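Accompanying notes for the structure given below.
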There are 2 protein chains.
Amino acid sequence: MDPHLLRTFLAVAETGSFSAAAEQLRYTQSAVSQQIAALEADLRTPLLTRRPVALTPAGERLRGHASILLVRLAAARADVTRAVAPPGRLIVALTPLAWHPALADALALLRTESARLTARLRLAERDQVVAAVATGEADLGLVDGFTAPSDPLRLPDTGGARAIGVAESPAVVAVAASHPLARRRRVDLSDLADAYWIDAPAVAAHTRLPVDGLRPGLRYDGQDVTVLAGLAAAGHGLAVLPEPLVTTHPSLTGVPISAPRLVHRVELVRIPAHLTGGEPAARLAALIEHR
Amino acid sequence: MDPHLLRTFLAVAETGSFSAAAEQLRYTQSAVSQQIAALEADLRTPLLTRRPVALTPAGERLRGHASILLVRLAAARADVTRAVAPPGRLIVALTPLAWHPALADALALLRTESARLTARLRLAERDQVVAAVATGEADLGLVDGFTAPSDPLRLPDTGGARAIGVAESPAVVAVAASHPLARRRRVDLSDLADAYWIDAPAVAAHTRLPVDGLRPGLRYDGQDVTVLAGLAAAGHGLAVLPEPLVTTHPSLTGVPISAPRLVHRVELVRIPAHLTGGEPAARLAALIEHR
DNA sequence: GGTAATTACGGGCTTCGTAAATATC
DNA sequence: GATATTTACGAAGCCCGTAATTACC
């Protein structure tokens with residue numbers, strides 16, 4: 001169970017191919033084959049089927065553990081070796097829906113304070129945001145999700161990173177203004193199990209809502225919120241979105257959700273203060289928290 | 001950051017000596033020295049001071065990460081390789097204060113159901129109980145601690161294991177019947193900061209109470225609850241204990257705690273159902289949960 | 001000067017790459 | 001038969017042990 005082996009195992013699992021994994025990791029096919037064989041021998045369990053390459057149940061379980069382990073390993077390394085970040089650097093990783101104008105304001109304020117600041121925003125999906133902060137790739141993270149009011153998001157625990165809520169807004173079902181549903185005063189999500197939903201895993205995965213069996217109609221693999229809103233407005237399907245976003249979109253109507261009780265919540269992810277990811281990060285975090 | 005290196009690093013950190021660590025791990029001094037050197041070179045940070053051997057701040061941080069990582073690694077291995085446990089085996093790990101007569105009853109019932117059952121109880125400290133369950137060394141775990149009413153214990157998250165509360169009882173300050181405090185109707189823990197406390201880390205660490213600065217008077221390193229109760233009864237110091245335990249002890253008086261709000265809570269630790277640690281474990285868990 | 005960690009060095013094992021073999025679609 | 005994984009084999013590197021060296025109490 002060398003981390004090296006886990007890494008190539010994950011690469012194979014992701015690419016679905018030994019050769020692709022080898023290329024990605026700058027190994028030869030042969031090396032990858034040997035590494036997987038070594039891992040399977042060590043665990044005395046087949047992890048992958050060949051032709052087609054797919055995960056066995058044991059492989060599925062290992063995949064889950066391995067990705068967490070590798071992130072934690074990287075986080076540990078970052079925590080130990082973390083140097084004082086260059087004062088002019090500030091990298092913020094965020095999920096698309098975690099964006100908020102207040103972030104722009106805080107950044108603007110920060111830049112007037114210290115002229116030499118090179119800030120950088122990076123869009124990523126949720127787990128990657130948390131991982132980026134834990135490993136020090138990013139100084140701060142902003143993640144969003146839908147939960148019961150004042151319930152924390154269920155984030156992966158990847159080592160040093162801690163999350164605190166910074167904003168909540170009502171969650172609504174976004175629907176085209178012309179859609180029959182638009183005239184409803186409120187809806188119960190479980191009544192909409194038969195409707196078609198827009199599946200946009202990179203923006204707002206309805207598969208992560210605390211409701212089962214919402215059927216995916218259209219799938220959008222991009223990260224742009226505007227596109228998602230546009231798709232909903234064009235009647236391609238329903239999506240659960242934060243209310244402020246829906247109201248700013250002219251041809252979208254937001255239908256309040258009666259059950260389950262749901263809010264859109266944004267959380268700030270950062271490493272504990274004693275490992276300040278640089279002065280700018282601490283300052284920005286303070287600005288966001290006390291907004 | 002090979003797990004191998006982390007393991008020997010932990011051994012050195014624990015023993016405070018390269019040679020002792022080498023002996024423990026069946027290596028030579030030399031090998032340990034080289035491994036530590038390799039780790040420090042890899043991380044580009046001194047982790048230990050020599051003569052005396054002690055952790056640097058970076059080493060302290062690594063120690064925290066390393067112990068978690070190794071347990072998670074073991075848990076991952078166990079999760080993947082977990083075979084159907086031998087049907088006659090049932091190992092329960094528990095902290096001393098997690099013991100409850102109901103556990104004996106449940107075990108008795110279980111043994112009448114399946115005569116061939118070899119049950120085994122293992123006392124350990126809290127983190128070790130969780131680790132044992134995660135790695136499959138134990139099928140079930142019972143841990144205890146003091147928290148606010150209906151707050152979960154803050155257990156280390158070591159992979160697959162999940163905890164659910166199974167019992168709560170009032171927490172009281174245990175004091176010798178002759179002690180002046182015994183006549184009080186209730187006390188505020190923060191008023192007792194100047195009193196002497198019995199520090200029994202293996203049984204009920206008052207250092208883990210949500211109160212700061214309780215001074216240790218006597219330290220007891222054993223695991224036996226009776227000894228701790230006896231020490232308190234003999235006037236060697238105060239201890240926070242679950243009320244039922246105190247009331248069964250003739251020469252102890254339990255003084256209710258007015259603040260902070262505190263209960264003694266027992267949680268059952270187990271791996272998710274789909275990885276049943278054997279039929280007996282599932283049955284015992286059900287018995288305990290629905291007691 | 002004695003205890004304990006480090007450095008030097010050699011042998012054995014691991015691991016990768018090249019190349020040939022083999023299996024599956 | 002083409003594509004993709006496995007096996008064979010050799011070279012390079014890694015890691016541990018022995019033994020000599022160095023550093024600190």
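By order in the structure tokens, chains are A, B, ...; within a chain, residues start at 1; ligands start at 1, following the order shown.
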Where does chain A meet chain B within 8 Å, residue by residue, with the nearest atom pair and distance in Å to one decimal for each, counting only C-alpha atoms, listed by chain and rising number, as CSV?
```
residue,atom,partner,partner_atom,distance
A:Met1,CA,B:Arg77,CA,7.8
A:Asp2,CA,B:Asp2,CA,6.9
A:Pro3,CA,B:Asp2,CA,7.1
A:Leu43,CA,B:Thr81,CA,6.1
A:Arg44,CA,B:Thr81,CA,7.2
A:Thr45,CA,B:Thr81,CA,6.7
A:Ala58,CA,B:Val80,CA,5.3
A:Gly59,CA,B:Val80,CA,7.5
A:Arg61,CA,B:Val80,CA,6.2
A:Leu62,CA,B:Val80,CA,6.1
A:His65,CA,B:Ala76,CA,5.7
A:Ala66,CA,B:Ala76,CA,7.7
A:Leu69,CA,B:Leu69,CA,7.1
A:Arg72,CA,B:Leu69,CA,7.3
A:Leu73,CA,B:Leu69,CA,7.2
A:Ala76,CA,B:His65,CA,5.7
A:Arg77,CA,B:Leu43,CA,7.1
A:Asp79,CA,B:Arg61,CA,7.3
A:Val80,CA,B:Ala58,CA,5.3
A:Thr81,CA,B:Leu43,CA,6.2
A:Gly159,CA,B:His65,CA,7.8
```
Prev. selection, N, CA, C and O atoms, output as a PDB file, in the first residue's frame:
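Writing the result to out-v6.pdb gives the following:
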```pdb
ATOM      1  N   MET A   1       0.829  -1.208   0.000  1.00  0.00           N
ATOM      2  CA  MET A   1       0.000   0.000   0.000  1.00  0.00           C
ATOM      3  C   MET A   1       0.863   1.259   0.000  1.00  0.00           C
ATOM      4  O   MET A   1       0.575   2.206   0.709  1.00  0.00           O
ATOM      5  N   ASP A   2       1.887   1.222  -0.765  1.00  0.00           N
ATOM      6  CA  ASP A   2       2.717   2.391  -0.995  1.00  0.00           C
ATOM      7  C   ASP A   2       1.869   3.504  -1.622  1.00  0.00           C
ATOM      8  O   ASP A   2       1.035   3.230  -2.474  1.00  0.00           O
ATOM      9  N   PRO A   3       2.054   4.743  -1.188  1.00  0.00           N
ATOM     10  CA  PRO A   3       1.306   5.836  -1.816  1.00  0.00           C
ATOM     11  C   PRO A   3       1.498   5.859  -3.329  1.00  0.00           C
ATOM     12  O   PRO A   3       0.578   6.185  -4.076  1.00  0.00           O
ATOM     13  N   LEU A  43      -2.702  -6.915  -1.253  1.00  0.00           N
ATOM     14  CA  LEU A  43      -4.016  -6.955  -0.615  1.00  0.00           C
ATOM     15  C   LEU A  43      -4.703  -8.312  -0.798  1.00  0.00           C
ATOM     16  O   LEU A  43      -5.770  -8.541  -0.241  1.00  0.00           O
ATOM     17  N   ARG A  44      -4.074  -9.148  -1.602  1.00  0.00           N
ATOM     18  CA  ARG A  44      -4.653 -10.461  -1.873  1.00  0.00           C
ATOM     19  C   ARG A  44      -6.092 -10.354  -2.363  1.00  0.00           C
ATOM     20  O   ARG A  44      -6.961 -11.125  -1.941  1.00  0.00           O
ATOM     21  N   THR A  45      -6.317  -9.380  -3.216  1.00  0.00           N
ATOM     22  CA  THR A  45      -7.664  -9.139  -3.734  1.00  0.00           C
ATOM     23  C   THR A  45      -7.570  -8.545  -5.130  1.00  0.00           C
ATOM     24  O   THR A  45      -6.775  -7.630  -5.349  1.00  0.00           O
ATOM     25  N   ALA A  58     -14.074  -4.445  -4.323  1.00  0.00           N
ATOM     26  CA  ALA A  58     -12.934  -4.105  -3.460  1.00  0.00           C
ATOM     27  C   ALA A  58     -12.202  -2.893  -4.015  1.00  0.00           C
ATOM     28  O   ALA A  58     -11.764  -2.015  -3.267  1.00  0.00           O
ATOM     29  N   GLY A  59     -12.085  -2.834  -5.333  1.00  0.00           N
ATOM     30  CA  GLY A  59     -11.424  -1.696  -5.961  1.00  0.00           C
ATOM     31  C   GLY A  59     -12.174  -0.398  -5.707  1.00  0.00           C
ATOM     32  O   GLY A  59     -11.566   0.648  -5.448  1.00  0.00           O
ATOM     33  N   ARG A  61     -13.957   0.306  -3.135  1.00  0.00           N
ATOM     34  CA  ARG A  61     -13.680   0.738  -1.761  1.00  0.00           C
ATOM     35  C   ARG A  61     -12.286   1.340  -1.671  1.00  0.00           C
ATOM     36  O   ARG A  61     -12.088   2.387  -1.053  1.00  0.00           O
ATOM     37  N   LEU A  62     -11.331   0.680  -2.304  1.00  0.00           N
ATOM     38  CA  LEU A  62      -9.970   1.206  -2.236  1.00  0.00           C
ATOM     39  C   LEU A  62      -9.893   2.585  -2.869  1.00  0.00           C
ATOM     40  O   LEU A  62      -9.183   3.465  -2.379  1.00  0.00           O
ATOM     41  N   HIS A  65     -10.870   5.176  -0.349  1.00  0.00           N
ATOM     42  CA  HIS A  65      -9.836   5.388   0.666  1.00  0.00           C
ATOM     43  C   HIS A  65      -8.615   6.071   0.068  1.00  0.00           C
ATOM     44  O   HIS A  65      -8.040   6.975   0.668  1.00  0.00           O
ATOM     45  N   ALA A  66      -8.223   5.615  -1.093  1.00  0.00           N
ATOM     46  CA  ALA A  66      -6.957   6.071  -1.668  1.00  0.00           C
ATOM     47  C   ALA A  66      -6.996   7.568  -1.953  1.00  0.00           C
ATOM     48  O   ALA A  66      -6.030   8.288  -1.665  1.00  0.00           O
ATOM     49  N   LEU A  69      -6.661   9.334   1.271  1.00  0.00           N
ATOM     50  CA  LEU A  69      -5.324   9.151   1.840  1.00  0.00           C
ATOM     51  C   LEU A  69      -4.303  10.040   1.142  1.00  0.00           C
ATOM     52  O   LEU A  69      -3.470  10.668   1.795  1.00  0.00           O
ATOM     53  N   ARG A  72      -4.717  13.593   2.156  1.00  0.00           N
ATOM     54  CA  ARG A  72      -4.232  13.800   3.530  1.00  0.00           C
ATOM     55  C   ARG A  72      -2.718  13.776   3.589  1.00  0.00           C
ATOM     56  O   ARG A  72      -2.099  14.499   4.354  1.00  0.00           O
ATOM     57  N   LEU A  73      -2.144  12.914   2.791  1.00  0.00           N
ATOM     58  CA  LEU A  73      -0.696  12.840   2.757  1.00  0.00           C
ATOM     59  C   LEU A  73      -0.131  14.166   2.254  1.00  0.00           C
ATOM     60  O   LEU A  73       0.808  14.729   2.847  1.00  0.00           O
ATOM     61  N   ALA A  76      -0.540  16.753   4.885  1.00  0.00           N
ATOM     62  CA  ALA A  76       0.450  16.625   5.947  1.00  0.00           C
ATOM     63  C   ALA A  76       1.771  17.220   5.499  1.00  0.00           C
ATOM     64  O   ALA A  76       2.406  17.996   6.227  1.00  0.00           O
ATOM     65  N   ARG A  77       2.172  16.890   4.304  1.00  0.00           N
ATOM     66  CA  ARG A  77       3.419  17.433   3.790  1.00  0.00           C
ATOM     67  C   ARG A  77       3.366  18.958   3.754  1.00  0.00           C
ATOM     68  O   ARG A  77       4.290  19.636   4.198  1.00  0.00           O
ATOM     69  N   ASP A  79       1.491  20.902   5.495  1.00  0.00           N
ATOM     70  CA  ASP A  79       1.430  21.456   6.847  1.00  0.00           C
ATOM     71  C   ASP A  79       2.818  21.507   7.470  1.00  0.00           C
ATOM     72  O   ASP A  79       3.164  22.463   8.163  1.00  0.00           O
ATOM     73  N   VAL A  80       3.599  20.485   7.217  1.00  0.00           N
ATOM     74  CA  VAL A  80       4.925  20.429   7.836  1.00  0.00           C
ATOM     75  C   VAL A  80       5.904  21.375   7.139  1.00  0.00           C
ATOM     76  O   VAL A  80       6.697  22.045   7.786  1.00  0.00           O
ATOM     77  N   THR A  81       5.831  21.408   5.842  1.00  0.00           N
ATOM     78  CA  THR A  81       6.830  22.180   5.101  1.00  0.00           C
ATOM     79  C   THR A  81       6.383  23.607   4.827  1.00  0.00           C
ATOM     80  O   THR A  81       7.173  24.393   4.314  1.00  0.00           O
ATOM     81  N   GLY A 159      -7.875  16.671   6.540  1.00  0.00           N
ATOM     82  CA  GLY A 159      -6.710  17.132   7.268  1.00  0.00           C
ATOM     83  C   GLY A 159      -6.901  18.470   7.924  1.00  0.00           C
ATOM     84  O   GLY A 159      -7.842  18.659   8.676  1.00  0.00           O
TER      85      GLY A 159
END
```
Next item on the list: List the neighbours of Leu287 of chain A out to 12 Å using only C-alpha atoms (C1' of nucleotides); skip same-chain residues closer than 5 positions along the sequence, and give me the result as a list in words.
Entry: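 Listed by chain and then number, they are Ala102, Leu103, Ala104, Asp105, Ala106, Leu107, Ala108, Leu109, Leu110, Val166, Leu268, Pro280, Ala281 and Ala282 of chain A.
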Write the residues you've just listed into a file as a PDB file, in the first residue's frame, and include N, CA and C atoms for each of them.
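The file below, again-v7.pdb, is the result:
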```
ATOM      1  N   ALA A 102     -19.791  40.168  -2.669  1.00  0.00           N
ATOM      2  CA  ALA A 102     -19.044  40.602  -1.489  1.00  0.00           C
ATOM      3  C   ALA A 102     -17.583  40.166  -1.579  1.00  0.00           C
ATOM      4  N   LEU A 103     -17.352  39.062  -2.249  1.00  0.00           N
ATOM      5  CA  LEU A 103     -15.975  38.608  -2.419  1.00  0.00           C
ATOM      6  C   LEU A 103     -15.203  39.615  -3.264  1.00  0.00           C
ATOM      7  N   ALA A 104     -15.847  40.085  -4.308  1.00  0.00           N
ATOM      8  CA  ALA A 104     -15.211  41.098  -5.160  1.00  0.00           C
ATOM      9  C   ALA A 104     -14.907  42.346  -4.345  1.00  0.00           C
ATOM     10  N   ASP A 105     -15.865  42.758  -3.522  1.00  0.00           N
ATOM     11  CA  ASP A 105     -15.657  43.948  -2.691  1.00  0.00           C
ATOM     12  C   ASP A 105     -14.479  43.755  -1.754  1.00  0.00           C
ATOM     13  N   ALA A 106     -14.449  42.603  -1.106  1.00  0.00           N
ATOM     14  CA  ALA A 106     -13.381  42.344  -0.147  1.00  0.00           C
ATOM     15  C   ALA A 106     -12.032  42.351  -0.854  1.00  0.00           C
ATOM     16  N   LEU A 107     -11.994  41.760  -2.020  1.00  0.00           N
ATOM     17  CA  LEU A 107     -10.743  41.736  -2.779  1.00  0.00           C
ATOM     18  C   LEU A 107     -10.314  43.139  -3.165  1.00  0.00           C
ATOM     19  N   ALA A 108     -11.290  43.943  -3.573  1.00  0.00           N
ATOM     20  CA  ALA A 108     -10.978  45.315  -3.970  1.00  0.00           C
ATOM     21  C   ALA A 108     -10.385  46.071  -2.792  1.00  0.00           C
ATOM     22  N   LEU A 109     -11.013  45.921  -1.645  1.00  0.00           N
ATOM     23  CA  LEU A 109     -10.527  46.590  -0.448  1.00  0.00           C
ATOM     24  C   LEU A 109      -9.093  46.152  -0.140  1.00  0.00           C
ATOM     25  N   LEU A 110      -8.883  44.864  -0.286  1.00  0.00           N
ATOM     26  CA  LEU A 110      -7.562  44.308   0.006  1.00  0.00           C
ATOM     27  C   LEU A 110      -6.504  44.889  -0.923  1.00  0.00           C
ATOM     28  N   VAL A 166     -20.471  31.295   6.030  1.00  0.00           N
ATOM     29  CA  VAL A 166     -20.398  32.738   5.869  1.00  0.00           C
ATOM     30  C   VAL A 166     -21.663  33.323   5.230  1.00  0.00           C
ATOM     31  N   LEU A 268     -16.588  29.168   4.227  1.00  0.00           N
ATOM     32  CA  LEU A 268     -15.203  29.572   4.005  1.00  0.00           C
ATOM     33  C   LEU A 268     -14.290  28.475   4.536  1.00  0.00           C
ATOM     34  N   PRO A 280      -2.374  38.272   3.596  1.00  0.00           N
ATOM     35  CA  PRO A 280      -3.561  38.616   2.804  1.00  0.00           C
ATOM     36  C   PRO A 280      -4.705  37.644   3.032  1.00  0.00           C
ATOM     37  N   ALA A 281      -4.381  36.364   3.158  1.00  0.00           N
ATOM     38  CA  ALA A 281      -5.438  35.373   3.347  1.00  0.00           C
ATOM     39  C   ALA A 281      -6.181  35.632   4.649  1.00  0.00           C
ATOM     40  N   ALA A 282      -5.435  35.891   5.697  1.00  0.00           N
ATOM     41  CA  ALA A 282      -6.065  36.144   6.992  1.00  0.00           C
ATOM     42  C   ALA A 282      -6.961  37.383   6.910  1.00  0.00           C
TER      43      ALA A 282
END
```
Item checked: chain B on chain A, all Cα pairs in order, RMSD ->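 The superposed chains show a C-alpha RMSD of 0.1 Å.
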Margin query: If the cut-off is 8 Å, can you tell me the residues of chain B near chain D, counting only C-alpha atoms (C1' of nucleotides)? I'd like them as a PyMOL selection string.
Written below: chain B and resi 28+31+51
What does the file look like for those residues with N, CA and C atoms, as a CSV table (one decimal), in the first residue's frame?
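part.csv, written as the output of this step:
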```
chain,number,residue,atom,x,y,z
B,28,THR,N,18.1,-1.9,12.9
B,28,THR,CA,19.3,-1.5,13.6
B,28,THR,C,19.2,0.0,13.8
B,31,ALA,N,19.6,1.9,10.6
B,31,ALA,CA,18.5,2.0,9.7
B,31,ALA,C,17.6,3.1,10.1
B,51,ARG,N,19.9,14.5,21.1
B,51,ARG,CA,20.6,14.8,22.4
B,51,ARG,C,20.1,16.1,23.0
```
Next item on the list: From a DSSP pass on the backbone, collect the residues of segment 151-280 of chain A flagged as alpha helix (DSSP H) and hand them back as a PyMOL selection string.
Entry: chain A and resi 201-204+225-233+243-247+279-280
Restricting the output to N, CA, C and O atoms, write the selected residues as an mmCIF file, in the first residue's frame.
```cif
data_model
loop_
_atom_site.group_PDB
_atom_site.id
_atom_site.type_symbol
_atom_site.label_atom_id
_atom_site.label_comp_id
_atom_site.auth_asym_id
_atom_site.auth_seq_id
_atom_site.Cartn_x
_atom_site.Cartn_y
_atom_site.Cartn_z
ATOM 1 N N PRO A 201 -23.150 18.566 -12.469
ATOM 2 C CA PRO A 201 -22.355 18.174 -11.307
ATOM 3 C C PRO A 201 -21.305 19.210 -10.911
ATOM 4 O O PRO A 201 -20.978 19.350 -9.742
ATOM 5 N N ALA A 202 -20.787 19.941 -11.870
ATOM 6 C CA ALA A 202 -19.729 20.898 -11.541
ATOM 7 C C ALA A 202 -20.286 22.171 -10.922
ATOM 8 O O ALA A 202 -19.555 22.952 -10.324
ATOM 9 N N VAL A 203 -21.572 22.404 -11.061
ATOM 10 C CA VAL A 203 -22.154 23.640 -10.525
ATOM 11 C C VAL A 203 -23.009 23.349 -9.303
ATOM 12 O O VAL A 203 -22.729 23.822 -8.202
ATOM 13 N N ALA A 204 -24.035 22.568 -9.480
ATOM 14 C CA ALA A 204 -24.942 22.292 -8.370
ATOM 15 C C ALA A 204 -25.553 20.917 -8.569
ATOM 16 O O ALA A 204 -26.606 20.775 -9.155
ATOM 17 N N VAL A 225 -22.300 29.291 -14.236
ATOM 18 C CA VAL A 225 -23.634 29.388 -13.658
ATOM 19 C C VAL A 225 -24.628 29.959 -14.660
ATOM 20 O O VAL A 225 -25.776 29.535 -14.722
ATOM 21 N N THR A 226 -24.155 30.918 -15.459
ATOM 22 C CA THR A 226 -25.035 31.556 -16.430
ATOM 23 C C THR A 226 -25.611 30.544 -17.411
ATOM 24 O O THR A 226 -26.791 30.603 -17.779
ATOM 25 N N VAL A 227 -24.770 29.625 -17.837
ATOM 26 C CA VAL A 227 -25.242 28.613 -18.775
ATOM 27 C C VAL A 227 -26.319 27.755 -18.116
ATOM 28 O O VAL A 227 -27.369 27.494 -18.700
ATOM 29 N N LEU A 228 -26.067 27.374 -16.891
ATOM 30 C CA LEU A 228 -27.042 26.556 -16.178
ATOM 31 C C LEU A 228 -28.368 27.299 -16.060
ATOM 32 O O LEU A 228 -29.441 26.761 -16.356
ATOM 33 N N ALA A 229 -28.284 28.571 -15.659
ATOM 34 C CA ALA A 229 -29.497 29.369 -15.534
ATOM 35 C C ALA A 229 -30.193 29.480 -16.892
ATOM 36 O O ALA A 229 -31.427 29.386 -16.989
ATOM 37 N N GLY A 230 -29.402 29.675 -17.921
ATOM 38 C CA GLY A 230 -29.963 29.791 -19.262
ATOM 39 C C GLY A 230 -30.671 28.520 -19.687
ATOM 40 O O GLY A 230 -31.762 28.568 -20.284
ATOM 41 N N LEU A 231 -30.088 27.400 -19.370
ATOM 42 C CA LEU A 231 -30.711 26.122 -19.712
ATOM 43 C C LEU A 231 -32.044 25.968 -19.009
ATOM 44 O O LEU A 231 -33.040 25.532 -19.603
ATOM 45 N N ALA A 232 -32.050 26.346 -17.731
ATOM 46 C CA ALA A 232 -33.298 26.246 -16.975
ATOM 47 C C ALA A 232 -34.340 27.205 -17.561
ATOM 48 O O ALA A 232 -35.512 26.849 -17.726
ATOM 49 N N ALA A 233 -33.884 28.423 -17.890
ATOM 50 C CA ALA A 233 -34.806 29.416 -18.438
ATOM 51 C C ALA A 233 -35.380 28.953 -19.768
ATOM 52 O O ALA A 233 -36.517 29.280 -20.124
ATOM 53 N N GLU A 243 -31.794 31.587 -4.240
ATOM 54 C CA GLU A 243 -32.804 32.535 -4.702
ATOM 55 C C GLU A 243 -32.226 33.814 -5.305
ATOM 56 O O GLU A 243 -32.713 34.260 -6.345
ATOM 57 N N PRO A 244 -31.198 34.416 -4.701
ATOM 58 C CA PRO A 244 -30.690 35.676 -5.268
ATOM 59 C C PRO A 244 -30.255 35.518 -6.719
ATOM 60 O O PRO A 244 -30.459 36.417 -7.536
ATOM 61 N N LEU A 245 -29.700 34.383 -7.027
ATOM 62 C CA LEU A 245 -29.267 34.142 -8.397
ATOM 63 C C LEU A 245 -30.456 34.101 -9.343
ATOM 64 O O LEU A 245 -30.425 34.662 -10.455
ATOM 65 N N VAL A 246 -31.529 33.460 -8.904
ATOM 66 C CA VAL A 246 -32.700 33.296 -9.771
ATOM 67 C C VAL A 246 -33.401 34.636 -10.012
ATOM 68 O O VAL A 246 -33.829 34.938 -11.123
ATOM 69 N N THR A 247 -33.491 35.447 -8.970
ATOM 70 C CA THR A 247 -34.226 36.706 -9.121
ATOM 71 C C THR A 247 -33.502 37.683 -10.044
ATOM 72 O O THR A 247 -34.131 38.534 -10.654
ATOM 73 N N GLU A 279 -0.476 36.774 5.183
ATOM 74 C CA GLU A 279 -1.246 37.871 5.743
ATOM 75 C C GLU A 279 -2.496 38.196 4.908
ATOM 76 O O GLU A 279 -3.589 38.359 5.466
ATOM 77 N N PRO A 280 -2.374 38.272 3.596
ATOM 78 C CA PRO A 280 -3.561 38.616 2.804
ATOM 79 C C PRO A 280 -4.705 37.644 3.032
ATOM 80 O O PRO A 280 -5.872 38.060 3.121
#
```
Checklist line | 9 Å contacts from chain C to chain B using only C-alpha atoms (C1' of nucleotides), as a PyMOL selection string | finding: chain C and resi 4-6
Item checked: Straight-line distance linking atom CA of Pro242 of chain B with atom CA of Thr135 of chain B, stated in Å to one decimal ->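 Atom CA of Pro242 of chain B sits 29.4 Å away from atom CA of Thr135 of chain B.
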